[in-house]
file coords.cif (mmCIF, C-alpha atoms)
data_query
loop_
_atom_site.label_atom_id
_atom_site.label_comp_id
_atom_site.auth_asym_id
_atom_site.auth_seq_id
_atom_site.Cartn_x
_atom_site.Cartn_y
_atom_site.Cartn_z
CA MET A 120 76.59 123.60 95.65
CA ALA A 121 79.33 126.13 96.37
CA LEU A 122 81.47 123.40 97.94
CA VAL A 123 80.94 121.16 94.92
CA GLY A 124 81.91 124.02 92.62
CA VAL A 125 85.12 124.67 94.55
CA LYS A 126 86.05 120.98 94.51
CA VAL A 127 85.38 120.70 90.77
CA ALA A 128 87.43 123.83 90.08
CA GLY A 129 90.30 122.46 92.14
CA LEU A 130 90.11 119.12 90.38
CA LEU A 131 90.11 120.75 86.94
CA GLN A 132 93.11 122.90 87.86
CA SER A 133 95.00 119.87 89.14
CA THR A 134 94.12 117.85 86.04
CA ALA A 135 95.21 120.67 83.73
CA LYS A 136 98.64 120.74 85.34
CA ARG A 137 98.99 116.98 84.98
CA LEU A 138 98.00 117.00 81.33
CA GLY A 139 100.12 119.99 80.38
CA GLY A 140 103.04 117.87 79.21
CA LEU A 141 105.49 120.75 79.37
CA SER A 142 109.19 120.03 78.98
CA VAL A 143 112.05 121.48 81.03
CA SER A 144 112.86 123.93 78.24
CA ASP A 145 109.28 125.22 78.38
CA VAL A 146 109.61 126.36 82.00
CA ILE A 147 113.33 127.03 82.48
CA LYS A 148 113.86 130.06 80.27
CA LYS A 149 117.00 131.53 81.87
CA SER A 150 120.28 129.90 82.86
CA ASP A 151 120.00 131.31 86.39
CA GLN A 152 116.35 130.37 86.93
CA GLN A 153 115.83 128.37 90.11
CA PHE A 154 114.20 124.94 90.16
CA VAL A 155 113.75 121.78 92.22
CA LEU A 156 115.38 118.67 90.77
CA TYR A 157 113.51 115.39 91.17
CA LEU A 158 115.65 112.23 91.14
CA ARG A 159 114.13 108.77 91.48
CA PRO A 160 114.25 105.15 90.32
CA PHE A 161 112.12 105.03 87.19
CA ASP A 162 109.84 102.34 88.60
CA ALA A 163 108.75 104.82 91.28
CA ASP A 164 106.68 106.42 88.51
CA ASP A 165 104.30 103.46 88.72
CA VAL A 166 103.93 103.23 92.52
CA ILE A 167 100.47 104.23 93.76
CA LEU A 168 100.47 105.70 97.26
CA PRO A 169 97.88 104.56 99.81
CA LYS A 170 94.95 106.89 100.29
CA PRO A 171 95.13 108.62 103.68
CA ARG A 172 92.40 108.21 106.26
CA LEU A 173 91.03 111.72 106.51
CA PRO A 174 88.36 113.11 108.83
CA LEU A 175 85.04 113.86 107.15
CA LEU A 176 85.63 117.62 106.99
CA SER A 177 89.08 117.12 105.46
CA ARG A 178 87.64 114.75 102.86
CA LEU A 179 85.03 117.34 101.89
CA PHE A 180 87.64 120.03 101.29
CA SER A 181 90.30 117.80 99.74
CA PHE A 182 91.01 118.59 96.07
CA THR A 183 93.31 115.62 95.58
CA PRO A 184 92.01 113.09 93.03
CA PHE A 185 93.07 109.79 94.62
CA PRO A 186 94.84 107.51 93.88
CA VAL A 187 98.07 109.43 93.35
CA ARG A 188 101.75 108.81 92.74
CA ILE A 189 104.56 110.31 94.79
CA GLU A 190 105.51 112.65 91.96
CA GLN A 191 102.04 114.19 91.95
CA GLU A 192 102.31 115.01 95.64
CA LEU A 193 105.76 116.55 95.19
CA PHE A 194 104.58 118.59 92.21
CA ASP A 195 101.61 120.00 94.12
CA VAL A 196 103.92 121.14 96.93
CA ALA A 197 106.54 122.64 94.60
CA ASP A 198 103.94 124.38 92.44
CA GLY A 199 104.17 128.10 93.15
CA TYR A 200 107.61 127.71 94.75
CA ARG A 201 109.90 126.41 92.02
CA PRO A 202 109.40 124.27 88.89
CA LEU A 203 109.86 120.56 89.63
CA ILE A 204 111.98 119.06 86.85
CA ALA A 205 113.11 115.51 86.10
CA VAL A 206 114.84 113.38 83.51
CA GLY A 207 112.41 111.17 81.61
CA LYS A 208 112.83 107.43 81.35
CA PRO A 209 115.02 106.51 78.35
CA GLY A 210 112.91 105.36 75.44
CA GLU A 211 109.83 107.33 76.52
CA LYS A 212 108.68 110.60 75.02
CA THR A 213 105.80 111.28 77.39
CA MET A 214 104.87 110.10 80.86
CA ARG A 215 101.23 109.38 81.55
CA GLY A 216 100.42 110.59 85.04
CA GLY A 217 103.78 112.35 85.37
CA VAL A 218 103.65 116.00 86.29
CA ALA A 219 107.28 117.05 86.75
CA TYR A 220 108.64 118.94 83.76
CA ARG A 221 110.76 116.40 81.93
CA THR A 222 113.67 116.34 79.56
CA TYR A 223 114.19 113.18 77.50
CA LEU A 224 117.72 112.09 76.70
CA ASP A 225 119.69 109.25 75.17
CA ASP A 226 121.56 106.85 77.45
CA SER A 227 124.81 108.58 76.52
CA GLU A 228 123.56 112.00 77.67
CA TRP A 229 121.62 111.61 80.91
CA GLN A 230 124.52 111.41 83.37
CA GLU A 231 126.07 114.67 82.18
CA CYS A 232 122.66 116.34 82.27
CA VAL A 233 121.89 115.12 85.80
CA THR A 234 125.29 116.28 87.06
CA THR A 235 124.70 119.75 85.61
CA LYS A 236 121.21 119.92 87.15
CA ILE A 237 122.50 118.78 90.55
CA ARG A 238 124.94 121.69 90.56
CA ALA A 239 122.35 124.24 89.45
CA ALA A 240 119.30 123.14 91.46
CA ASP A 241 117.98 125.31 94.27
CA ARG A 242 116.71 122.17 96.03
CA ILE A 243 116.77 118.46 95.23
CA VAL A 244 114.29 115.78 96.23
CA MET A 245 115.55 112.24 95.72
CA VAL A 246 113.69 108.95 96.10
CA LEU A 247 116.05 106.30 97.44
CA LYS A 248 116.10 102.66 96.45
CA ASP A 249 118.98 100.25 95.92
CA THR A 250 119.33 100.37 92.14
CA ASP A 251 122.32 101.09 89.90
CA GLY A 252 120.86 104.37 88.66
CA VAL A 253 119.96 105.66 92.12
CA ARG A 254 123.35 104.60 93.48
CA TRP A 255 125.07 106.64 90.77
CA GLU A 256 122.85 109.69 91.34
CA PHE A 257 123.29 109.42 95.11
CA GLY A 258 127.05 109.41 94.61
CA ARG A 259 126.84 112.48 92.37
CA VAL A 260 124.79 114.39 94.94
CA ILE A 261 127.49 113.64 97.51
CA ASP A 262 130.44 114.38 95.19
CA GLU A 263 128.90 117.70 94.12
CA ALA A 264 128.48 118.71 97.80
CA ALA A 265 124.72 118.91 97.28
CA THR A 266 123.59 116.83 100.25
CA MET A 267 122.70 119.91 102.30
CA LYS A 268 120.11 121.01 99.75
CA THR A 269 118.63 117.55 99.22
CA LEU A 270 115.64 115.80 100.75
CA PHE A 271 116.14 112.04 100.63
CA LEU A 272 112.83 110.18 100.57
CA VAL A 273 112.58 106.42 100.91
CA ASP A 274 110.86 104.69 98.01
CA PRO A 275 107.35 103.58 99.08
CA ALA A 276 108.20 100.07 97.83
CA VAL A 277 110.92 99.72 100.51
CA ARG A 278 109.05 97.90 103.27
CA LYS A 279 110.56 94.50 104.03
CA PRO A 280 113.50 94.21 106.46
CA THR A 281 115.72 92.98 103.62
CA ASP A 282 114.83 96.07 101.57
CA TRP A 283 115.82 98.36 104.45
CA GLU A 284 119.04 96.44 104.99
CA MET A 285 120.03 96.81 101.33
CA LEU A 286 119.17 100.51 101.34
CA GLU A 287 121.18 101.14 104.50
CA LYS A 288 124.18 99.32 103.05
CA MET A 289 123.98 101.62 100.05
CA VAL A 290 123.60 105.01 101.74
CA ALA A 291 125.45 104.71 105.07
CA PRO A 292 129.01 104.02 103.81
CA MET A 293 128.79 106.73 101.15
CA LEU A 294 127.53 109.37 103.59
CA GLN A 295 130.09 108.40 106.22
CA LYS A 296 132.96 108.41 103.73
CA ALA A 297 131.99 111.93 102.68
CA GLY A 298 131.94 113.03 106.32
CA VAL A 299 128.27 113.96 106.12
CA ALA A 300 126.80 111.30 108.39
CA PRO A 301 128.27 110.25 111.74
CA GLU A 302 129.81 106.87 112.42
CA GLY A 303 127.11 104.37 113.26
CA PHE A 304 124.57 106.05 110.97
CA GLU A 305 121.60 103.71 110.55
CA LEU A 306 118.08 103.71 109.21
CA LYS A 307 116.79 101.63 112.10
CA LEU A 308 113.91 104.06 112.72
CA GLN A 309 112.83 103.44 109.12
CA PRO A 310 112.17 107.12 108.34
CA ILE A 311 110.05 108.22 105.42
CA GLY A 312 112.97 110.49 104.60
CA PHE A 313 115.85 112.55 105.95
CA PHE A 314 117.88 115.66 105.24
CA PHE A 315 120.82 117.54 106.73
CA GLN A 316 120.44 120.93 108.36
CA ARG A 317 123.48 122.88 109.55
CA GLY A 318 125.42 119.63 109.69
CA ARG A 319 122.71 117.86 111.69
CA LEU A 320 120.78 114.83 110.47
CA VAL A 321 117.00 115.34 110.50
CA GLU A 322 114.93 112.17 110.14
CA ILE A 323 111.26 112.37 109.16
CA ILE A 324 109.34 109.59 110.87
CA ASN A 325 105.91 108.64 109.55
CA THR A 326 104.73 105.04 109.55
CA ASN A 327 101.66 105.61 107.38
CA ARG A 328 103.47 106.15 104.06
CA THR A 329 100.34 107.66 102.50
CA ALA A 330 100.09 110.39 99.88
CA THR A 331 99.86 113.12 102.52
CA SER A 332 102.89 111.67 104.35
CA TYR A 333 105.19 112.43 101.43
CA GLN A 334 103.52 115.76 100.78
CA THR A 335 104.00 116.82 104.40
CA ALA A 336 107.65 115.71 104.42
CA PHE A 337 108.42 117.74 101.29
CA SER A 338 106.53 120.78 102.60
CA HIS A 339 108.52 120.65 105.84
CA PHE A 340 111.80 120.42 103.94
CA LEU A 341 111.03 123.38 101.68
CA ALA A 342 110.04 125.48 104.69
CA GLU A 343 113.36 124.87 106.44
CA ARG A 344 116.35 127.17 106.16
CA LEU A 345 119.29 125.03 105.18
CA ASP A 346 122.13 127.51 105.69
#
call {"tool": "encode", "arguments": {"input": "coords.cif", "output": "structure tokens"}}
result
Amino acid sequence: MALVGVKVAGLLQSTAKRLGGLSVSDVIKKSDQQFVLYLRPFDADDVILPKPRLPLLSRLFSFTPFPVRIEQELFDVADGYRPLIAVGKPGEKTMRGGVAYRTYLDDSEWQECVTTKIRAADRIVMVLKDTDGVRWEFGRVIDEAATMKTLFLVDPAVRKPTDWEMLEKMVAPMLQKAGVAPEGFELKLQPIGFFFQRGRLVEIINTNRTATSYQTAFSHFLAERLD
């Protein structure tokens, strides 16, 4: 009974966070307050991550209400460290299942807002996919010299060889041109994500691509010293 009570309490706490619906202005009260910026293609909001295969004991003590989206895993890791904030999809006022603190903007405003947040963020986590919006945000992260504080995660929908080829053609030339990645930079190992530490490329390899895979990658990144 005690175990059931703990699991129910954990589930209620998790659900309360997801239903809070707080905006960025509700949690960022001061201009110098630190936060984690979440950048992604908007269709990543709808991607359900595979449920991990957990041992029996781990399943008993898991508080995660599967299925989950990548944003939920990132939020749970960032919770207690820094607020996870994001720009909402244009035309929406709320995001069902979204847990990052959002600000909703017109099409004419979002690029200026994202640029400002890139400069101010303590850390950035960015989901990569070959789309116009992601390409622009990726370029801004590079131009604002923010690559060293950014975790680049590969969108869970990127699986086919053609998807990887398109993604590599997007990121490699831009990183090489900025002098961040070495010549010959490739994604041939198909990492779940990568980041740069003291000028060195760190690839995170995990072939499972489950909910815990993304959670572990983000946890590892936040635990690393980037200076």
call {"tool": "closest_residue", "arguments": {"input": "coords.cif", "among": "A:Arg259, A:Pro209, A:Phe337, A:Arg238", "to": "Asp225 in chain A", "atoms": "all atoms listed in the file"}}
result
A:Pro209
call {"tool": "closest_atom_pairs", "arguments": {"input": "coords.cif", "of": "range 220-303 of chain A", "to": "range 321-326 of chain A", "cutoff": "12 Å", "atoms": "only C-alpha atoms", "output": "Markdown table"}}
result
| residue | atom | partner | partner_atom | distance |
| --- | --- | --- | --- | --- |
| A:Met267 | CA | A:Val321 | CA | 11.0 |
| A:Thr269 | CA | A:Val321 | CA | 11.6 |
| A:Leu270 | CA | A:Val321 | CA | 9.9 |
| A:Phe271 | CA | A:Glu322 | CA | 9.6 |
| A:Leu272 | CA | A:Ile323 | CA | 9.0 |
| A:Val273 | CA | A:Ile323 | CA | 10.3 |
| A:Pro275 | CA | A:Thr326 | CA | 10.9 |
| A:Arg278 | CA | A:Thr326 | CA | 10.4 |
| A:Ala300 | CA | A:Val321 | CA | 10.8 |
call {"tool": "atom_distance", "arguments": {"input": "coords.cif", "atom1": "CA of Glu305 in chain A", "atom2": "CA of Ala291 in chain A"}}
result
6.8 Å
call {"tool": "atom_distance", "arguments": {"input": "coords.cif", "atom1": "CA of Pro310 in chain A", "atom2": "CA of Asp241 in chain A"}}
result
23.7 Å
call {"tool": "atom_distance", "arguments": {"input": "coords.cif", "atom1": "CA of Trp255 in chain A", "atom2": "CA of Ile167 in chain A"}}
result
24.9 Å
call {"tool": "residues_around", "arguments": {"input": "coords.cif", "residues": "Glu256 in chain A", "least_positions_apart": "4", "cutoff": "8 Å", "atoms": "all atoms listed in the file", "output": "ChimeraX atom specification"}}
result
/A:158,233,252,260
call {"tool": "closest_residue", "arguments": {"input": "coords.cif", "among": "A:Lys307, A:Ala336, A:Ala342, A:Lys279", "to": "Glu192 in chain A", "atoms": "all atoms listed in the file"}}
result
A:Ala336
call {"tool": "resolve_selection", "arguments": {"input": "coords.cif", "expression": "the PyMOL selection byres ((chain A and resi 284-289) around 7)", "output": "list of chain:residue names"}}
result
A:Lys248, A:Asp249, A:Pro280, A:Thr281, A:Asp282, A:Trp283, A:Val290, A:Ala291, A:Pro292, A:Glu305, A:Leu306
call {"tool": "write_last_selection", "arguments": {"input": "coords.cif", "atoms": "C-alpha atoms", "output": "JSON list (two decimals), keeping the file's coordinate frame"}}
result
[["chain", "number", "residue", "atom", "x", "y", "z"],
["A", 248, "LYS", "CA", 116.10, 102.66, 96.45],
["A", 249, "ASP", "CA", 118.98, 100.25, 95.92],
["A", 280, "PRO", "CA", 113.50, 94.21, 106.46],
["A", 281, "THR", "CA", 115.72, 92.98, 103.62],
["A", 282, "ASP", "CA", 114.83, 96.07, 101.57],
["A", 283, "TRP", "CA", 115.82, 98.36, 104.45],
["A", 290, "VAL", "CA", 123.60, 105.01, 101.74],
["A", 291, "ALA", "CA", 125.45, 104.71, 105.07],
["A", 292, "PRO", "CA", 129.01, 104.02, 103.81],
["A", 305, "GLU", "CA", 121.60, 103.71, 110.55],
["A", 306, "LEU", "CA", 118.08, 103.71, 109.21]]
call {"tool": "resolve_selection", "arguments": {"input": "coords.cif", "expression": "the PyMOL selection byres ((chain A and resi 164) around 8)", "output": "list in words"}}
result
Pro160, Phe161, Asp162, Ala163, Asp165, Val166, Arg188, Ile189, Glu190 and Gly217 of chain A
call {"tool": "residues_around", "arguments": {"input": "coords.cif", "residues": "Asp226 in chain A", "least_positions_apart": "5", "cutoff": "12 Å", "atoms": "only C-alpha atoms", "output": "VMD selection string"}}
result
chain A and resid 206 to 211 231 to 233 252
call {"tool": "write_last_selection", "arguments": {"input": "coords.cif", "atoms": "C-alpha atoms", "output": "CSV table (one decimal), in the coordinates of the input"}}
result
chain,number,residue,atom,x,y,z
A,206,VAL,CA,114.8,113.4,83.5
A,207,GLY,CA,112.4,111.2,81.6
A,208,LYS,CA,112.8,107.4,81.4
A,209,PRO,CA,115.0,106.5,78.4
A,210,GLY,CA,112.9,105.4,75.4
A,211,GLU,CA,109.8,107.3,76.5
A,231,GLU,CA,126.1,114.7,82.2
A,232,CYS,CA,122.7,116.3,82.3
A,233,VAL,CA,121.9,115.1,85.8
A,252,GLY,CA,120.9,104.4,88.7
call {"tool": "closest_residue", "arguments": {"input": "coords.cif", "among": "A:Leu345, A:Asp198, A:Lys268, A:Ala205", "to": "Tyr223 in chain A", "atoms": "only C-alpha atoms"}}
result
A:Ala205
call {"tool": "residues_around", "arguments": {"input": "coords.cif", "residues": "Tyr157 in chain A", "least_positions_apart": "4", "cutoff": "9 Å", "atoms": "all atoms listed in the file", "output": "PDB file with C-alpha atoms, in the frame of the given file"}}
result
ATOM      1  CA  GLU A 190     105.510 112.650  91.960  1.00  0.00           C
ATOM      2  CA  LEU A 193     105.760 116.550  95.190  1.00  0.00           C
ATOM      3  CA  LEU A 203     109.860 120.560  89.630  1.00  0.00           C
ATOM      4  CA  ILE A 204     111.980 119.060  86.850  1.00  0.00           C
ATOM      5  CA  ALA A 205     113.110 115.510  86.100  1.00  0.00           C
ATOM      6  CA  VAL A 206     114.840 113.380  83.510  1.00  0.00           C
ATOM      7  CA  ALA A 219     107.280 117.050  86.750  1.00  0.00           C
ATOM      8  CA  ARG A 242     116.710 122.170  96.030  1.00  0.00           C
ATOM      9  CA  ILE A 243     116.770 118.460  95.230  1.00  0.00           C
ATOM     10  CA  VAL A 244     114.290 115.780  96.230  1.00  0.00           C
ATOM     11  CA  MET A 245     115.550 112.240  95.720  1.00  0.00           C
ATOM     12  CA  VAL A 246     113.690 108.950  96.100  1.00  0.00           C
TER      13      VAL A 246
END
call {"tool": "closest_residue", "arguments": {"input": "coords.cif", "among": "A:Leu224, A:Ala239, A:Val253, A:Leu308", "to": "Phe154 in chain A", "atoms": "all atoms listed in the file"}}
result
A:Ala239
call {"tool": "closest_residue", "arguments": {"input": "coords.cif", "among": "A:Gln316, A:Arg159, A:Ile311, A:Arg201", "to": "Thr331 in chain A", "atoms": "all atoms listed in the file"}}
result
A:Ile311
call {"tool": "closest_residue", "arguments": {"input": "coords.cif", "among": "A:Phe194, A:Trp229, A:Phe340, A:Phe257", "to": "Phe313 in chain A", "atoms": "only C-alpha atoms"}}
result
A:Phe340
call {"tool": "residues_around", "arguments": {"input": "coords.cif", "residues": "Pro301 in chain A", "least_positions_apart": "3", "cutoff": "12 Å", "atoms": "all atoms listed in the file", "output": "PyMOL selection string"}}
result
chain A and resi 291-298+304-305+315+318-320
call {"tool": "decode", "arguments": {"input": "coords.cif", "residues": "range 300-321 of chain A", "atoms": "N, CA and C atoms", "output": "PDB file, in the first residue's frame"}}
result
ATOM      1  N   ALA A 300      32.757  22.812 -35.648  1.00  0.00           N
ATOM      2  CA  ALA A 300      32.958  21.392 -35.929  1.00  0.00           C
ATOM      3  C   ALA A 300      34.143  21.220 -36.877  1.00  0.00           C
ATOM      4  N   PRO A 301      34.862  20.116 -36.747  1.00  0.00           N
ATOM      5  CA  PRO A 301      36.018  19.882 -37.616  1.00  0.00           C
ATOM      6  C   PRO A 301      35.598  19.523 -39.035  1.00  0.00           C
ATOM      7  N   GLU A 302      36.520  19.667 -39.965  1.00  0.00           N
ATOM      8  CA  GLU A 302      36.273  19.215 -41.328  1.00  0.00           C
ATOM      9  C   GLU A 302      35.980  17.715 -41.309  1.00  0.00           C
ATOM     10  N   GLY A 303      35.038  17.313 -42.126  1.00  0.00           N
ATOM     11  CA  GLY A 303      34.668  15.906 -42.151  1.00  0.00           C
ATOM     12  C   GLY A 303      33.645  15.527 -41.098  1.00  0.00           C
ATOM     13  N   PHE A 304      33.093  16.532 -40.405  1.00  0.00           N
ATOM     14  CA  PHE A 304      32.067  16.262 -39.396  1.00  0.00           C
ATOM     15  C   PHE A 304      30.887  15.536 -40.031  1.00  0.00           C
ATOM     16  N   GLU A 305      30.493  14.420 -39.426  1.00  0.00           N
ATOM     17  CA  GLU A 305      29.384  13.623 -39.936  1.00  0.00           C
ATOM     18  C   GLU A 305      28.523  13.127 -38.782  1.00  0.00           C
ATOM     19  N   LEU A 306      27.333  12.695 -39.129  1.00  0.00           N
ATOM     20  CA  LEU A 306      26.443  12.076 -38.152  1.00  0.00           C
ATOM     21  C   LEU A 306      26.307  10.588 -38.451  1.00  0.00           C
ATOM     22  N   LYS A 307      27.395   9.984 -38.915  1.00  0.00           N
ATOM     23  CA  LYS A 307      27.326   8.594 -39.357  1.00  0.00           C
ATOM     24  C   LYS A 307      27.041   7.624 -38.213  1.00  0.00           C
ATOM     25  N   LEU A 308      27.350   8.026 -36.970  1.00  0.00           N
ATOM     26  CA  LEU A 308      27.040   7.172 -35.824  1.00  0.00           C
ATOM     27  C   LEU A 308      25.583   7.305 -35.395  1.00  0.00           C
ATOM     28  N   GLN A 309      24.867   8.224 -36.048  1.00  0.00           N
ATOM     29  CA  GLN A 309      23.456   8.468 -35.764  1.00  0.00           C
ATOM     30  C   GLN A 309      23.206   8.649 -34.262  1.00  0.00           C
ATOM     31  N   PRO A 310      23.837   9.675 -33.678  1.00  0.00           N
ATOM     32  CA  PRO A 310      23.688   9.903 -32.237  1.00  0.00           C
ATOM     33  C   PRO A 310      22.289  10.395 -31.894  1.00  0.00           C
ATOM     34  N   ILE A 311      21.890  10.166 -30.655  1.00  0.00           N
ATOM     35  CA  ILE A 311      20.626  10.723 -30.183  1.00  0.00           C
ATOM     36  C   ILE A 311      20.776  12.229 -29.986  1.00  0.00           C
ATOM     37  N   GLY A 312      22.030  12.661 -29.817  1.00  0.00           N
ATOM     38  CA  GLY A 312      22.304  14.080 -29.666  1.00  0.00           C
ATOM     39  C   GLY A 312      23.791  14.332 -29.554  1.00  0.00           C
ATOM     40  N   PHE A 313      24.161  15.611 -29.491  1.00  0.00           N
ATOM     41  CA  PHE A 313      25.569  15.971 -29.332  1.00  0.00           C
ATOM     42  C   PHE A 313      25.669  17.363 -28.726  1.00  0.00           C
ATOM     43  N   PHE A 314      26.833  17.638 -28.141  1.00  0.00           N
ATOM     44  CA  PHE A 314      27.126  18.977 -27.647  1.00  0.00           C
ATOM     45  C   PHE A 314      28.628  19.190 -27.708  1.00  0.00           C
ATOM     46  N   PHE A 315      29.052  20.408 -27.442  1.00  0.00           N
ATOM     47  CA  PHE A 315      30.469  20.747 -27.509  1.00  0.00           C
ATOM     48  C   PHE A 315      30.955  21.113 -26.113  1.00  0.00           C
ATOM     49  N   GLN A 316      32.068  20.521 -25.734  1.00  0.00           N
ATOM     50  CA  GLN A 316      32.633  20.754 -24.408  1.00  0.00           C
ATOM     51  C   GLN A 316      34.108  21.093 -24.550  1.00  0.00           C
ATOM     52  N   ARG A 317      34.452  22.335 -24.153  1.00  0.00           N
ATOM     53  CA  ARG A 317      35.835  22.811 -24.257  1.00  0.00           C
ATOM     54  C   ARG A 317      36.377  22.616 -25.676  1.00  0.00           C
ATOM     55  N   GLY A 318      35.532  22.908 -26.653  1.00  0.00           N
ATOM     56  CA  GLY A 318      35.933  22.804 -28.043  1.00  0.00           C
ATOM     57  C   GLY A 318      35.916  21.401 -28.609  1.00  0.00           C
ATOM     58  N   ARG A 319      35.473  20.433 -27.816  1.00  0.00           N
ATOM     59  CA  ARG A 319      35.455  19.036 -28.255  1.00  0.00           C
ATOM     60  C   ARG A 319      34.017  18.584 -28.485  1.00  0.00           C
ATOM     61  N   LEU A 320      33.803  17.867 -29.585  1.00  0.00           N
ATOM     62  CA  LEU A 320      32.480  17.339 -29.896  1.00  0.00           C
ATOM     63  C   LEU A 320      32.201  16.103 -29.048  1.00  0.00           C
ATOM     64  N   VAL A 321      31.070  16.100 -28.360  1.00  0.00           N
ATOM     65  CA  VAL A 321      30.637  14.951 -27.563  1.00  0.00           C
ATOM     66  C   VAL A 321      29.347  14.416 -28.168  1.00  0.00           C
TER      67      VAL A 321
END
